[in-house]
Amino acid sequence: MNIKDTSESWETLSTQRPFQGAKTAVDSDEVRMPDGSVARRDYQVHPGSVCVLALDEAGRVLVLSQYRHPVRRRLWELPAGLLDVPGENPLHGARRELAEEAHVKAEDWRVLADFYASPGGSDEAIRIFLAREVSEAEGERYAETSSEEADMEVTWVPLADLVRGVLAGELGNPGLVTGVLALSAALASEGGLDALRRADAPWPARPYEA
């Protein structure tokens, strides 16, 4: 049996947008159910995101600590950002976020994993890139414009320590959890990291221009 997600769309009878924010919105759809009934589905409309798992030659992963107000916690995360330019190649966004948040560049890029952040309540799609052959970026370090970002702590942590933290319930950011477990699985699989998808692999959840 071939287990994979498939495209499907139930009939939407109406759509309202009770909230429009600067980057995201909330839609309220009336959807026809398979039994003929109608149900309301409220969900966040999101432009999509990228995360970067930067891996150095010592097997360490670049992570940053940032306060996240909705969950009232400071979380360890991968460098990440919104894809708020319509049609933007996600690799371009990933390179930008790695440089801006950590002042790091990478020569080798692969797609590590694609996932939906919370498909029961949001259409946000996230692509995690694996970045290798890393070094310090050229030029001046990017000056963070928000106090939340300026408060970030950036460090390199051994992959094994992050896997342990995830399994112990000590690390909960979805991009970091997905990324470090996917990397651990890829390292143990036949073909290793070189068998991962190319950085320009298609992304049906968020089509983009080359």
# chains A, B, ... in the order shown; residues from 1 in each chain; ligands from 1
>>> residues_around(residues="Ser49 in chain A", least_positions_apart="2", cutoff="7 Å", atoms="only C-alpha atoms", output="list in words")
Pro47, Cys51, Gly81, Leu82, Leu83, Ala125, Ile126 and Arg127 of chain A
>>> residues_around(residues="Glu77 in chain A", least_positions_apart="4", cutoff="9 Å", atoms="only C-alpha atoms", output="JSON, numbers by chain")
{"A": [51, 62, 63, 64, 65, 66, 171, 172, 173, 174, 175, 176, 177]}
>>> residues_around(residues="Pro18 in chain A", least_positions_apart="5", cutoff="9 Å", atoms="only C-alpha atoms", output="list of chain:residue names")
A:Ala25, A:Val26, A:Asp27, A:Ser28
>>> write_last_selection(atoms="N, CA, C and O atoms", output="PDB file, in the first residue's frame")
ATOM      1  N   ALA A  25      -4.360  35.849   8.203  1.00  0.00           N
ATOM      2  CA  ALA A  25      -5.782  36.173   8.322  1.00  0.00           C
ATOM      3  C   ALA A  25      -6.509  34.959   8.894  1.00  0.00           C
ATOM      4  O   ALA A  25      -5.919  33.902   9.105  1.00  0.00           O
ATOM      5  N   VAL A  26      -7.801  35.137   9.155  1.00  0.00           N
ATOM      6  CA  VAL A  26      -8.660  34.033   9.567  1.00  0.00           C
ATOM      7  C   VAL A  26      -9.842  33.961   8.613  1.00  0.00           C
ATOM      8  O   VAL A  26     -10.520  34.973   8.379  1.00  0.00           O
ATOM      9  N   ASP A  27     -10.060  32.795   8.037  1.00  0.00           N
ATOM     10  CA  ASP A  27     -11.212  32.561   7.169  1.00  0.00           C
ATOM     11  C   ASP A  27     -12.213  31.653   7.878  1.00  0.00           C
ATOM     12  O   ASP A  27     -11.827  30.774   8.661  1.00  0.00           O
ATOM     13  N   SER A  28     -13.478  31.860   7.567  1.00  0.00           N
ATOM     14  CA  SER A  28     -14.555  31.040   8.087  1.00  0.00           C
ATOM     15  C   SER A  28     -15.339  30.488   6.895  1.00  0.00           C
ATOM     16  O   SER A  28     -16.010  31.238   6.183  1.00  0.00           O
TER      17      SER A  28
END
>>> residues_around(residues="range 88-97 of chain A", least_positions_apart="3", cutoff="7 Å", atoms="only C-alpha atoms", output="MDAnalysis selection string")
chainID A and resid 50:52 79:81 83 85 100:101 199 208:210
>>> closest_residue(among="A:Ala102, A:Ala186, A:Val71, A:Ala117", to="Val45 in chain A", atoms="only C-alpha atoms")
A:Ala117
